[in-house]
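Peer 1: Quick one: the structure is below, questions incoming.
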Amino acid sequence: MKVRITFLLLSLLLPLCVAAQVYRRLELPNRELLSSEKVLYVMQDREGFLWYGTDGGGICRDDGRQVDVFRSDAEHPDLLGSNTVVCLAESGYRIIIGTTHGANVLDKRDYSIQRLTAVDDKRVDDIIVASNGHWWLTANKKVYEYSSDGTLLHTYPVGDKYIFRLREDEHGQIWCMEWEGGKLRLDNGHFLPISSEWPDSINFNRVTTDNQGRLLVSDGFGDCYALSTKKQKQWFQGKILTREAADSVRAAWKLAMRPTAIAISRKGDRWFSTGKDIRRMRAGSEEIILPDMKDVSAMAFTPDGTLWMGTIYGQLYRYHNGKAEADDYSTNEYGDGIIAMSVDSLGRLVLVSDGYTRLYDTRRHTLRQQSRESNGTYCIELQETMPDERWSQPNRKEVVEKLPASFTSWWMCCVYALSAFCLCMLVAYTLVLRRQRKRFMEQMRTFTNPDREEAAKDASQSMPSPSAADDEWLKKAISQVEDNMSDETYTVEQLSSDMCMSRMTLYRKIQSLTGQKPTEFIRTIRLRRAAELIRERKLTITEISYATGFSSVSYFSRCFRNMFGVPPTHFNG
């Protein structure tokens with residue numbers, strides 16, 4: 001009887017577990033290194049490498065450290081029928097490539113590419129490798145069957161309608177789907193239309209899996225990502241609260257404003273900061289507890305029920321028995337923001353800043369600090385795709401130690417001489433970039449603070465000025481970033497598209513004019529706008545950080561201090 005009851009309970013709970021399964025979106029590695037930002041197909045081969053079919057950029061192979069690109073160009077005009085790759089498939093050591101103008105086969109042993117001439121110069125909409133090793137391709141209102149060595153076996157006409165998906169079911173039966181929704185099945189050498197018979201197990205979505213069973217998705221509009229069914233914790237005690245996590249918490253808890261820090265008491269009350277005040281959520285009711293507590297970036301409860309609050313400027317406050325006080329003993333005198341806070345098993349506070357971690361015993365009033373920039377031996381986490389490793393496997397740890405100097409062989413002397421020469425060239429190149437960067441930063445500060453205009457003008461007279469065309473181009477690039485100021489997702493790819501040039505051309509152009517990378521260029525313009533908003537004194541630091549496209553207040557404060565030399569609160573323009 002107990003066994004039956006247990007079985008019944010499990011049968012009732014199983015649908016609930018399946019229904020509660022949540023897909024988590026994972027960004028694929030090295031997306032920014034691809035030859036095109038639009039990906040039409042993605043798959044992982046048996047060796048663990050990722051292959052991307054791009055829109056106009058050919059096919060890309062990602063080994064976890066670098067991206068190799070195969071596409072037609074001026075030196076190899078006939079390498080691919082088209083650089084727009086719409087589908088991929090793997091068969092042994094071959095990668096079958098379907099483009100908008102024919103199909104090709106890439107041999108992974110020597111990376112040579114051969115064309116499938118029988119497919120003609122038409123768009124290949126889908127490729128599958130059947131369980132018997134045969135290749136199936138659809139193009140030009142026909143379905144082609146190849147053997148595992150690339151020999152054409154049969155060509156099947158399918159009427160006057162286009163086929164865009166092919167699938168093999170568990171019985172080895174080949175199915176195909178028309179653009180208008182019709183279904184056909186291979187029967188006695190002919191594809192016959194099927195009206196009523198249609199197995200539910202057939203799935204025509206363009207989705208593959210990696211070696212960990214995660215789904216690799218390409219939506220057909222240029223975006224690709226992985227989907228994991230593991231449940232994601234949006235936030236937990238001591239974790240840095242990013243803007244994305246804060247938005248999810250706000251929606252889940254039904255908060256009035258986006259939180260900048262969160263802590264949960266032993267009674268289950270939810271305490272959070274909005275950047276302007278401290279609030280408590282109890283029994284679905286939201287109440288303001290500390291109306292004047294601003295810029296709190298981390299919160300935690302100690303076992304005695306005290307609420308500890310850290311700010312983006314390194315200050316630490318405690319709230320107990322209805323009274324809030326500043327803890328001067330543990331406050332960071334350097335002004336480095338507290339980006340995370342947690343409580344260890346002994347009830348001590350762990351305060352995390354950018355450069356170090358502090359351990360604060362609130363009862364004994366002892367404070368220990370560990371810098372994360374100390375010399376010594378470090379444990380470095382590596383994540384590479386080697387013959388026996390995959391990008392999706394857990395990271396491998398290697399201990400890196402300093403090697404003793406040795407000049408016992410002549411080849412070591414050559415290596416040291418070559419290294420010294422390369423170092424000199426790198427130093428010279430770095431000095432040139434620093435001079436260009438200094439000129440650009442002086443121009444940005446001049447726009448922010450009119451009082452420094454004369455000083456910047458005198459400093460720029462000794463430096464070569466860009467041409468009129470370069471100056472106009474730079475103004476246009478700055479204007480594009482300013483038009484997307486509050487959009488934190490505005491990327492270098494979008495800027496290159498707005499400027500009508502490739503990412504590599506944009507990179508070289510911005511670095512030659514400003515000495516900065518495109519990401520630094522965008523960040524500098526955002527910080528200039530942030531300085532103008534601080535001078536207006538209409539918004540809080542938290543609101544300014546979000547208004548200028550920064551995902552977290554602590555990161556904004558660190559970037560601002562690196563550029564202007566002072567924290568945002570001490571900036572007076």
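How things are named: the first chain in the structure tokens is A, the next is B, and so on; residues count from 1 in each chain; ligands count from 1 in the order shown.
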Contacts of Ile289 in chain A at 9 Å or less, counting only C-alpha atoms, minus same-chain residues fewer than 4 places along, as a list of chain:residue names?
Peer 2: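 Within the cut-off, the hits are A:Asp277, A:Ile278, A:Arg279, A:Arg280, A:Gly322.
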Peer 1: Compile a residue-level contact table for range 465-541 of chain A against range 428-431 of chain A at a cut-off of 12 Å, reporting for every qualifying residue the shortest atom pair and its distance in Å to one decimal, with only C-alpha atoms counted, rows ordered by chain and ascending number, as a Markdown table.
Peer 2:
```
| residue | atom | partner | partner_atom | distance |
| --- | --- | --- | --- | --- |
| A:Gln511 | CA | A:Thr430 | CA | 11.6 |
| A:Ser512 | CA | A:Tyr429 | CA | 11.5 |
| A:Gly515 | CA | A:Thr430 | CA | 9.1 |
| A:Gln516 | CA | A:Thr430 | CA | 11.0 |
```
Peer 1: In Å, with one decimal, what is the gap from CA of Arg258 in chain A to CA of Tyr490 in chain A?
Peer 2: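 It comes out at 20.8 Å.
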Peer 1: Might you pull out every residue within 10 Å of Met341 in chain A, with only C-alpha atoms counted and same-chain residues fewer than 2 positions away left off, and present them as a compact mmCIF listing (two decimals) with C-alpha atoms, in the first residue's frame?
Peer 2:
```txt
# COMPACT_ATOMS: atom_id res chain seq x y z
CA GLN A 237 22.69 36.64 -0.47
CA GLY A 238 26.13 38.14 -1.09
CA LYS A 239 25.87 38.07 -4.90
CA ILE A 240 26.49 41.24 -6.89
CA ALA A 261 20.83 46.02 -2.95
CA ALA A 263 18.83 41.46 2.07
CA SER A 297 25.18 49.03 -3.07
CA ALA A 298 25.26 46.01 -0.70
CA MET A 299 23.25 44.79 2.31
CA ALA A 300 23.39 41.85 4.73
CA PHE A 301 21.95 40.71 8.09
CA TRP A 308 24.52 46.29 7.56
CA MET A 309 24.60 48.57 4.52
CA GLY A 310 27.57 49.43 2.31
CA ILE A 338 31.55 48.05 -1.54
CA ILE A 339 30.31 45.93 -4.43
CA VAL A 343 28.12 36.92 6.33
CA LEU A 349 31.01 40.50 7.57
CA VAL A 350 32.79 39.89 4.27
CA LEU A 351 33.14 43.23 2.47
CA VAL A 352 34.21 43.02 -1.17
CA SER A 353 35.70 45.99 -3.05
CA THR A 357 38.37 41.97 0.48
CA ARG A 358 37.81 42.85 4.14
```
Peer 1: Within range 68-269 of chain A, find each residue whose DSSP state, derived from the backbone, is strand (DSSP E), and express the selection as number ranges by chain.
Peer 2: A: 68-70, 85-91, 94-99, 102-107, 112-115, 124-129, 135-139, 142-146, 152-157, 163-168, 174-178, 183-187, 190-194, 207-209, 215-218, 224-228, 261-264
Peer 1: Counting only C-alpha atoms, what is within 7 Å of Glu488 in chain A, bar same-chain residues fewer than 6 positions away, as a list of chain:residue names?
Peer 2: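 Near Glu488 in chain A, the qualifying residues are A:Gly549, A:Phe550, A:Ser551.
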Peer 1: Selected residues, N, CA, C and O atoms, written as a PDB file, in the first residue's frame, please.
Peer 2:
```
ATOM      1  N   GLY A 549      23.767  54.566 -19.269  1.00  0.00           N
ATOM      2  CA  GLY A 549      23.997  53.253 -19.856  1.00  0.00           C
ATOM      3  C   GLY A 549      24.907  52.334 -19.081  1.00  0.00           C
ATOM      4  O   GLY A 549      25.425  51.372 -19.653  1.00  0.00           O
ATOM      5  N   PHE A 550      25.137  52.570 -17.770  1.00  0.00           N
ATOM      6  CA  PHE A 550      25.959  51.674 -16.959  1.00  0.00           C
ATOM      7  C   PHE A 550      25.041  50.684 -16.233  1.00  0.00           C
ATOM      8  O   PHE A 550      24.002  51.062 -15.684  1.00  0.00           O
ATOM      9  N   SER A 551      25.446  49.405 -16.214  1.00  0.00           N
ATOM     10  CA  SER A 551      24.597  48.362 -15.649  1.00  0.00           C
ATOM     11  C   SER A 551      24.662  48.302 -14.137  1.00  0.00           C
ATOM     12  O   SER A 551      23.772  47.733 -13.506  1.00  0.00           O
TER      13      SER A 551
END
```
Peer 1: Considering only C-alpha atoms, can you say which of A:Val143, A:Leu192, A:Val566, A:Ala251 comes closest to Gly335 in chain A?
Peer 2: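 Result for the nearest residue to Gly335 in chain A: A:Val566.
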Peer 1: Quick one, how far is CA of Arg368 in chain A from CA of Asp344 in chain A?
Peer 2: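 So the two atoms, CA of Arg368 in chain A and CA of Asp344 in chain A, lie 13.9 Å apart.
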Peer 1: Report as JSON lines the residues of range 103-150 of chain A within 9 Å of range 84-93 of chain A, each with its shortest atom pair and distance in Å (one decimal), using only C-alpha atoms, ordered by chain and increasing residue number.
Peer 2:
```
{"residue": "A:Leu106", "atom": "CA", "partner": "A:Tyr93", "partner_atom": "CA", "distance": 8.5}
{"residue": "A:Asp107", "atom": "CA", "partner": "A:Tyr93", "partner_atom": "CA", "distance": 6.2}
{"residue": "A:Lys108", "atom": "CA", "partner": "A:Tyr93", "partner_atom": "CA", "distance": 5.5}
{"residue": "A:Arg109", "atom": "CA", "partner": "A:Tyr93", "partner_atom": "CA", "distance": 6.9}
{"residue": "A:Arg123", "atom": "CA", "partner": "A:Val86", "partner_atom": "CA", "distance": 8.7}
{"residue": "A:Val124", "atom": "CA", "partner": "A:Val86", "partner_atom": "CA", "distance": 7.4}
{"residue": "A:Asp125", "atom": "CA", "partner": "A:Val86", "partner_atom": "CA", "distance": 6.7}
{"residue": "A:Asp126", "atom": "CA", "partner": "A:Cys87", "partner_atom": "CA", "distance": 5.8}
{"residue": "A:Ile127", "atom": "CA", "partner": "A:Ala89", "partner_atom": "CA", "distance": 6.2}
{"residue": "A:Ile128", "atom": "CA", "partner": "A:Ala89", "partner_atom": "CA", "distance": 6.2}
{"residue": "A:Val129", "atom": "CA", "partner": "A:Ser91", "partner_atom": "CA", "distance": 6.7}
{"residue": "A:Gly133", "atom": "CA", "partner": "A:Ser91", "partner_atom": "CA", "distance": 7.1}
{"residue": "A:His134", "atom": "CA", "partner": "A:Ser91", "partner_atom": "CA", "distance": 8.6}
{"residue": "A:Trp135", "atom": "CA", "partner": "A:Ser91", "partner_atom": "CA", "distance": 8.0}
{"residue": "A:Ser148", "atom": "CA", "partner": "A:Ser91", "partner_atom": "CA", "distance": 7.1}
{"residue": "A:Asp149", "atom": "CA", "partner": "A:Ser91", "partner_atom": "CA", "distance": 9.0}
```
Peer 1: Would you mind exporting the chosen residues as a PDB file, in the first residue's frame, restricted to N, CA and C atoms?
Peer 2:
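Dumped everything to selection-v2.pdb:
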```pdb
ATOM      1  N   LEU A 106      33.652  20.900 -46.341  1.00  0.00           N
ATOM      2  CA  LEU A 106      34.939  21.269 -45.743  1.00  0.00           C
ATOM      3  C   LEU A 106      35.542  20.030 -45.095  1.00  0.00           C
ATOM      4  N   ASP A 107      36.772  19.712 -45.469  1.00  0.00           N
ATOM      5  CA  ASP A 107      37.499  18.579 -44.905  1.00  0.00           C
ATOM      6  C   ASP A 107      38.314  19.072 -43.707  1.00  0.00           C
ATOM      7  N   LYS A 108      37.997  18.595 -42.502  1.00  0.00           N
ATOM      8  CA  LYS A 108      38.657  19.080 -41.296  1.00  0.00           C
ATOM      9  C   LYS A 108      40.087  18.570 -41.157  1.00  0.00           C
ATOM     10  N   ARG A 109      40.505  17.630 -41.986  1.00  0.00           N
ATOM     11  CA  ARG A 109      41.883  17.149 -41.904  1.00  0.00           C
ATOM     12  C   ARG A 109      42.869  18.150 -42.489  1.00  0.00           C
ATOM     13  N   ARG A 123      19.844  28.193 -53.585  1.00  0.00           N
ATOM     14  CA  ARG A 123      19.838  28.284 -52.124  1.00  0.00           C
ATOM     15  C   ARG A 123      19.604  26.910 -51.506  1.00  0.00           C
ATOM     16  N   VAL A 124      20.449  26.534 -50.569  1.00  0.00           N
ATOM     17  CA  VAL A 124      20.296  25.286 -49.817  1.00  0.00           C
ATOM     18  C   VAL A 124      19.623  25.635 -48.496  1.00  0.00           C
ATOM     19  N   ASP A 125      18.412  25.129 -48.288  1.00  0.00           N
ATOM     20  CA  ASP A 125      17.633  25.512 -47.106  1.00  0.00           C
ATOM     21  C   ASP A 125      17.859  24.612 -45.903  1.00  0.00           C
ATOM     22  N   ASP A 126      18.252  23.360 -46.107  1.00  0.00           N
ATOM     23  CA  ASP A 126      18.454  22.484 -44.961  1.00  0.00           C
ATOM     24  C   ASP A 126      19.352  21.312 -45.350  1.00  0.00           C
ATOM     25  N   ILE A 127      20.105  20.802 -44.371  1.00  0.00           N
ATOM     26  CA  ILE A 127      20.981  19.652 -44.534  1.00  0.00           C
ATOM     27  C   ILE A 127      20.835  18.771 -43.309  1.00  0.00           C
ATOM     28  N   ILE A 128      20.694  17.467 -43.498  1.00  0.00           N
ATOM     29  CA  ILE A 128      20.707  16.524 -42.390  1.00  0.00           C
ATOM     30  C   ILE A 128      21.609  15.350 -42.759  1.00  0.00           C
ATOM     31  N   VAL A 129      22.139  14.684 -41.742  1.00  0.00           N
ATOM     32  CA  VAL A 129      22.893  13.446 -41.923  1.00  0.00           C
ATOM     33  C   VAL A 129      22.071  12.341 -41.274  1.00  0.00           C
ATOM     34  N   GLY A 133      24.310   7.444 -42.372  1.00  0.00           N
ATOM     35  CA  GLY A 133      25.441   8.233 -42.837  1.00  0.00           C
ATOM     36  C   GLY A 133      25.195   9.000 -44.113  1.00  0.00           C
ATOM     37  N   HIS A 134      24.038   8.845 -44.744  1.00  0.00           N
ATOM     38  CA  HIS A 134      23.752   9.561 -45.984  1.00  0.00           C
ATOM     39  C   HIS A 134      23.433  11.032 -45.698  1.00  0.00           C
ATOM     40  N   TRP A 135      23.830  11.891 -46.653  1.00  0.00           N
ATOM     41  CA  TRP A 135      23.532  13.309 -46.545  1.00  0.00           C
ATOM     42  C   TRP A 135      22.256  13.596 -47.327  1.00  0.00           C
ATOM     43  N   SER A 148      27.938   8.710 -47.699  1.00  0.00           N
ATOM     44  CA  SER A 148      28.782   9.271 -46.645  1.00  0.00           C
ATOM     45  C   SER A 148      30.119   9.782 -47.168  1.00  0.00           C
ATOM     46  N   ASP A 149      30.532   9.357 -48.376  1.00  0.00           N
ATOM     47  CA  ASP A 149      31.783   9.862 -48.954  1.00  0.00           C
ATOM     48  C   ASP A 149      31.558  10.997 -49.941  1.00  0.00           C
TER      49      ASP A 149
END
```
Peer 1: Give me, as an NGL selection string, all polymer residues having an atom no more than 6 Å from range 39-47 of chain A, counting only C-alpha atoms and skipping those fewer than 2 positions away in the same chain.
Peer 2: :A and (49-54 or 86-87 or 210 or 218 or 220 or 222-223)
Peer 1: Let's have the selection written as a CSV table (one decimal), in the first residue's frame, with N, CA and C atoms.
Peer 2:
```csv
chain,number,residue,atom,x,y,z
A,49,PHE,N,34.4,21.8,-31.1
A,49,PHE,CA,34.5,23.1,-31.7
A,49,PHE,C,33.1,23.6,-32.1
A,50,LEU,N,32.9,24.9,-32.0
A,50,LEU,CA,31.7,25.6,-32.4
A,50,LEU,C,31.9,26.1,-33.8
A,51,TRP,N,30.9,25.9,-34.7
A,51,TRP,CA,30.8,26.3,-36.0
A,51,TRP,C,29.7,27.3,-36.2
A,52,TYR,N,29.9,28.5,-36.8
A,52,TYR,CA,28.9,29.5,-37.0
A,52,TYR,C,28.7,29.7,-38.5
A,53,GLY,N,27.5,29.6,-38.9
A,53,GLY,CA,27.1,30.1,-40.3
A,53,GLY,C,26.6,31.5,-40.2
A,54,THR,N,27.3,32.4,-40.8
A,54,THR,CA,27.0,33.8,-40.7
A,54,THR,C,26.3,34.4,-41.9
A,86,VAL,N,23.5,29.4,-44.5
A,86,VAL,CA,22.2,29.2,-43.8
A,86,VAL,C,22.0,27.9,-43.1
A,87,CYS,N,22.9,26.9,-43.3
A,87,CYS,CA,22.7,25.6,-42.6
A,87,CYS,C,24.1,24.9,-42.6
A,210,ASP,N,24.7,20.8,-27.8
A,210,ASP,CA,26.2,20.7,-27.6
A,210,ASP,C,26.5,19.4,-26.8
A,218,SER,N,19.7,29.2,-33.3
A,218,SER,CA,19.9,30.3,-34.2
A,218,SER,C,18.5,30.7,-34.7
A,220,GLY,N,17.4,32.6,-37.0
A,220,GLY,CA,17.2,33.0,-38.4
A,220,GLY,C,17.3,34.5,-38.7
A,222,GLY,N,19.7,36.4,-37.2
A,222,GLY,CA,21.1,36.9,-36.9
A,222,GLY,C,21.5,36.7,-35.5
A,223,ASP,N,20.6,36.2,-34.6
A,223,ASP,CA,21.0,36.0,-33.2
A,223,ASP,C,21.2,34.6,-32.9
```
Peer 1: Which residues are near Cys176 in chain A? Cut-off 7 Å, only C-alpha atoms, ignore same chain within fewer than 3 positions. Put them as an NGL selection string.
Peer 2: :A and (163 or 165-167 or 183-185)
Peer 1: Between CA of Ile264 in chain A and CA of Ser342 in chain A, measure the distance and give it in Å to one decimal.
Peer 2: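 Rounded to one decimal, the two atoms are 11.6 Å apart.
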Peer 1: Can you tell me which residues surround Leu290 in chain A at a distance of at most 12 Å, considering only C-alpha atoms, apart from same-chain residues fewer than 6 positions away, and format the answer as JSON, numbers by chain?
Peer 2: {"A": [271, 272, 273, 274, 275, 276, 277, 278, 279, 280, 296, 307, 309, 317, 318, 319, 320, 322, 323, 324, 325]}
Peer 1: Among range 449-550 of chain A, which ones does DSSP place in helix (DSSP H, G or I), written as a VMD selection string?
Peer 2: chain A and resid 450 to 461 468 to 483 492 to 498 503 to 514 518 to 536 541 to 547
